[in-house]
file entry_28.txt (compact mmCIF, C-alpha atoms)
# COMPACT_ATOMS: atom_id res chain seq x y z
CA MET A 1 -181.89 4.93 -72.15
CA MET A 2 -184.65 3.16 -74.09
CA PRO A 3 -185.22 -0.39 -72.91
CA ASP A 4 -187.40 -1.12 -75.97
CA ARG A 5 -184.80 0.03 -78.53
CA ILE A 6 -184.56 -3.30 -80.35
CA GLY A 7 -188.34 -3.72 -80.30
CA MET A 8 -188.95 -0.25 -81.72
CA GLN A 9 -186.48 -0.74 -84.54
CA LEU A 10 -187.73 -4.26 -85.27
CA ARG A 11 -191.35 -3.07 -85.51
CA PHE A 12 -190.26 -0.25 -87.83
CA MET A 13 -188.30 -2.60 -90.09
CA ARG A 14 -191.15 -5.11 -90.23
CA ALA A 15 -193.52 -2.31 -91.24
CA HIS A 16 -191.02 -1.04 -93.85
CA PRO A 17 -189.44 -4.05 -95.62
CA GLU A 18 -187.67 -1.72 -98.08
CA VAL A 19 -185.54 -0.34 -95.21
CA ILE A 20 -182.29 -2.26 -94.83
CA ALA A 21 -180.62 -0.04 -92.21
CA CYS A 22 -182.45 1.66 -89.35
CA GLY A 23 -180.64 3.93 -86.91
CA SER A 24 -181.84 6.41 -84.33
CA ALA A 25 -181.07 9.66 -82.61
CA ALA A 26 -178.60 9.42 -79.72
CA ARG A 27 -178.11 11.16 -76.41
CA ILE A 28 -174.60 12.64 -76.46
CA ILE A 29 -172.98 12.49 -73.04
CA GLY A 30 -169.67 13.60 -71.62
CA ARG A 31 -169.26 16.96 -73.37
CA GLY A 32 -172.21 19.27 -73.80
CA ASP A 33 -174.94 16.71 -73.16
CA HIS A 34 -177.62 16.93 -75.86
CA VAL A 35 -179.58 14.79 -78.32
CA ALA A 36 -178.10 14.43 -81.79
CA SER A 37 -180.24 13.29 -84.67
CA TRP A 38 -179.61 11.92 -88.12
CA PRO A 39 -181.80 12.25 -91.25
CA ALA A 40 -185.18 10.55 -90.89
CA ASP A 41 -185.86 9.27 -94.40
CA ASP A 42 -183.96 7.62 -97.21
CA ARG A 43 -183.73 10.71 -99.43
CA GLU A 44 -182.18 12.80 -96.64
CA CYS A 45 -179.89 9.90 -95.65
CA ARG A 46 -178.58 9.54 -99.21
CA ALA A 47 -177.95 13.27 -99.51
CA ARG A 48 -175.95 13.24 -96.29
CA LEU A 49 -174.12 10.03 -97.25
CA ILE A 50 -172.39 11.94 -100.06
CA PHE A 51 -170.35 13.84 -97.46
CA GLU A 52 -170.64 11.98 -94.15
CA ASP A 53 -172.32 9.20 -92.27
CA ALA A 54 -176.10 9.16 -92.49
CA LEU A 55 -176.61 6.73 -89.61
CA LEU A 56 -174.97 6.32 -86.22
CA TYR A 57 -173.46 2.85 -86.66
CA GLY A 58 -173.89 1.90 -83.00
CA SER A 59 -177.60 2.61 -83.22
CA CYS A 60 -178.18 0.64 -86.45
CA MET A 61 -180.26 -2.42 -87.04
CA LEU A 62 -179.34 -3.97 -90.38
CA ARG A 63 -181.36 -6.38 -92.52
CA ARG A 64 -179.22 -9.52 -92.53
CA ALA A 65 -181.05 -11.13 -95.47
CA THR A 66 -180.00 -8.24 -97.73
CA MET A 67 -176.36 -8.53 -96.69
CA GLU A 68 -176.37 -12.29 -97.26
CA GLN A 69 -178.24 -12.07 -100.57
CA HIS A 70 -175.72 -9.58 -102.00
CA GLY A 71 -172.59 -10.84 -100.23
CA ILE A 72 -172.04 -7.56 -98.38
CA ARG A 73 -169.25 -7.79 -95.82
CA CYS A 74 -166.68 -5.40 -94.43
CA ASP A 75 -163.68 -5.53 -96.74
CA SER A 76 -160.46 -6.33 -94.85
CA ARG A 77 -158.89 -3.21 -96.42
CA TRP A 78 -161.45 -1.10 -94.52
CA ARG A 79 -160.02 -1.86 -91.06
CA THR A 80 -159.29 1.79 -90.48
CA PRO A 81 -161.30 4.76 -89.27
CA GLY A 82 -164.11 5.18 -91.75
CA MET A 83 -164.90 1.47 -92.06
CA ASP A 84 -168.51 2.04 -90.91
CA TYR A 85 -169.00 4.70 -93.58
CA LEU A 86 -167.56 2.49 -96.34
CA PHE A 87 -169.79 -0.39 -95.23
CA ARG A 88 -172.91 1.76 -95.57
CA ILE A 89 -171.77 2.99 -98.99
CA ALA A 90 -171.55 -0.67 -100.05
CA LEU A 91 -175.00 -1.38 -98.56
CA ALA A 92 -176.78 1.66 -100.04
CA PRO A 93 -177.59 0.29 -103.53
CA TYR A 94 -179.67 -2.55 -102.10
CA GLY A 95 -182.37 -0.76 -100.08
CA ARG A 96 -183.43 2.26 -98.10
CA PHE A 97 -182.05 3.86 -94.94
CA ALA A 98 -184.02 5.43 -92.09
CA ASN A 99 -183.47 6.86 -88.62
CA LEU A 100 -185.99 6.89 -85.81
CA PRO A 101 -186.27 10.30 -84.12
CA GLN A 102 -186.13 8.92 -80.58
CA ALA A 103 -182.77 8.85 -78.77
CA LEU A 104 -182.47 5.07 -78.42
CA THR A 105 -178.80 4.91 -77.47
CA GLU A 106 -176.13 6.96 -75.72
CA TYR A 107 -172.89 8.15 -77.27
CA ARG A 108 -170.09 9.28 -74.97
CA ILE A 109 -167.54 11.80 -76.22
CA GLN A 110 -164.44 12.41 -74.12
CA MET A 111 -161.11 14.05 -74.74
CA GLY A 112 -158.17 11.72 -75.20
CA THR A 113 -154.51 12.37 -75.76
CA CYS A 114 -154.89 12.45 -79.55
CA GLY A 115 -158.11 14.44 -79.78
CA PRO A 116 -161.66 13.36 -79.12
CA VAL A 117 -162.13 9.68 -78.40
CA VAL A 118 -165.59 8.34 -79.04
CA ILE A 119 -166.86 5.50 -76.91
CA MET A 120 -170.17 3.82 -77.61
CA ARG A 121 -172.19 2.75 -74.61
CA ARG A 122 -175.07 0.52 -75.51
CA ILE A 123 -178.17 0.56 -73.41
CA SER A 124 -178.85 -2.42 -71.15
CA PHE A 125 -182.15 -4.17 -71.58
call {"tool": "encode", "arguments": {"input": "entry_28.txt", "output": "structure tokens"}}
result
Amino acid sequence: MMPDRIGMQLRFMRAHPEVIACGSAARIIGRGDHVASWPADDRECRARLIFEDALLYGSCMLRRATMEQHGIRCDSRWRTPGMDYLFRIALAPYGRFANLPQALTEYRIQMGTCGPVVIMRRISF
């Protein structure tokens, strides 16, 4: 959808060094096509993170230096649904979160045999 997705997020993160995770809105396709958004600033992200994911993982750009500095990795016990959420909980104490309002990726939702199956389709550059 947005060929400059990486560039937009990179410029944002360079302008905001306190941000360690930057996501975006996403165009939902497959069932009721629409644009879904996540909280824009850190305060809203943290409030949402109490109950659910504050960033769409497939749209995130993460600050590698922060993860390396603090030894943040996905714990092998997290290899279940919810791993993305647990990873961001572990990341949260070390910086701020943000989401760009533009739909920079597409997220396909389709019905599977065991309920909704979510498939991430990244945008080609």
call {"tool": "residues_around", "arguments": {"input": "entry_28.txt", "residues": "range 71-87 of chain A", "least_positions_apart": "6", "cutoff": "12 Å", "atoms": "only C-alpha atoms", "output": "PyMOL selection string"}}
result
chain A and resi 21+48-60+62-65+93-94+117-118
call {"tool": "write_last_selection", "arguments": {"input": "entry_28.txt", "atoms": "C-alpha atoms", "output": "short mmCIF file (atom, residue, chain, number, x, y, z; two decimals), in the coordinates of the input"}}
result
data_model
loop_
_atom_site.label_atom_id
_atom_site.label_comp_id
_atom_site.auth_asym_id
_atom_site.auth_seq_id
_atom_site.Cartn_x
_atom_site.Cartn_y
_atom_site.Cartn_z
CA ALA A 21 -180.62 -0.04 -92.21
CA ARG A 48 -175.95 13.24 -96.29
CA LEU A 49 -174.12 10.03 -97.25
CA ILE A 50 -172.39 11.94 -100.06
CA PHE A 51 -170.35 13.84 -97.46
CA GLU A 52 -170.64 11.98 -94.15
CA ASP A 53 -172.32 9.20 -92.27
CA ALA A 54 -176.10 9.16 -92.49
CA LEU A 55 -176.61 6.73 -89.61
CA LEU A 56 -174.97 6.32 -86.22
CA TYR A 57 -173.46 2.85 -86.66
CA GLY A 58 -173.89 1.90 -83.00
CA SER A 59 -177.60 2.61 -83.22
CA CYS A 60 -178.18 0.64 -86.45
CA LEU A 62 -179.34 -3.97 -90.38
CA ARG A 63 -181.36 -6.38 -92.52
CA ARG A 64 -179.22 -9.52 -92.53
CA ALA A 65 -181.05 -11.13 -95.47
CA PRO A 93 -177.59 0.29 -103.53
CA TYR A 94 -179.67 -2.55 -102.10
CA VAL A 117 -162.13 9.68 -78.40
CA VAL A 118 -165.59 8.34 -79.04
#
call {"tool": "closest_residue", "arguments": {"input": "entry_28.txt", "among": "A:Met67, A:Ala40, A:Gly23, A:Ala15", "to": "Ala92 in chain A", "atoms": "all atoms listed in the file"}}
result
A:Met67
call {"tool": "atom_distance", "arguments": {"input": "entry_28.txt", "atom1": "CA of Ile109 in chain A", "atom2": "CA of Arg43 in chain A"}}
result
28.3 Å
call {"tool": "closest_atom_pairs", "arguments": {"input": "entry_28.txt", "of": "range 13-70 of chain A", "to": "range 97-107 of chain A", "cutoff": "6 Å", "atoms": "all atoms listed in the file", "output": "CSV"}}
result
residue,atom,partner,partner_atom,distance
A:Val19,CA,A:Phe97,CA,5.5
A:Ala21,CA,A:Phe97,CA,5.0
A:Cys22,CA,A:Ala98,CA,4.9
A:Gly23,CA,A:Asn99,CA,4.4
A:Ser24,CA,A:Leu100,CA,4.4
A:Ala25,CA,A:Ala103,CA,4.3
A:Ala26,CA,A:Ala103,CA,4.3
A:Arg27,CA,A:Glu106,CA,4.7
A:Ile28,CA,A:Tyr107,CA,4.9
A:Ala40,CA,A:Asn99,CA,4.7
A:Asp41,CA,A:Ala98,CA,4.8
A:Asp42,CA,A:Phe97,CA,4.8
call {"tool": "axis_aligned_box", "arguments": {"input": "entry_28.txt", "around": "range 41-45 of chain A", "padding_each_side": "6 Å", "output": "lines of an AutoDock Vina configuration file"}}
result
center_x = -182.9
center_y = 10.2
center_z = -96.9
size_x = 18.0
size_y = 17.2
size_z = 17.0
call {"tool": "atom_distance", "arguments": {"input": "entry_28.txt", "atom1": "CA of His16 in chain A", "atom2": "CA of His34 in chain A"}}
result
28.7 Å
call {"tool": "closest_residue", "arguments": {"input": "entry_28.txt", "among": "A:Glu18, A:Glu68, A:Met61, A:Val35", "to": "Ile6 in chain A", "atoms": "all atoms listed in the file"}}
result
A:Met61
call {"tool": "atom_distance", "arguments": {"input": "entry_28.txt", "atom1": "CA of Arg108 in chain A", "atom2": "CA of Arg31 in chain A"}}
result
7.9 Å
call {"tool": "closest_residue", "arguments": {"input": "entry_28.txt", "among": "A:Ser37, A:Arg46, A:Met8, A:Leu91", "to": "Gln69 in chain A", "atoms": "only C-alpha atoms"}}
result
A:Leu91
call {"tool": "closest_residue", "arguments": {"input": "entry_28.txt", "among": "A:Arg88, A:Gly30, A:Gln9, A:Met2", "to": "Cys45 in chain A", "atoms": "only C-alpha atoms"}}
result
A:Arg88
call {"tool": "closest_residue", "arguments": {"input": "entry_28.txt", "among": "A:Glu44, A:His70, A:Gly95, A:Arg5", "to": "Pro17 in chain A", "atoms": "all atoms listed in the file"}}
result
A:Gly95
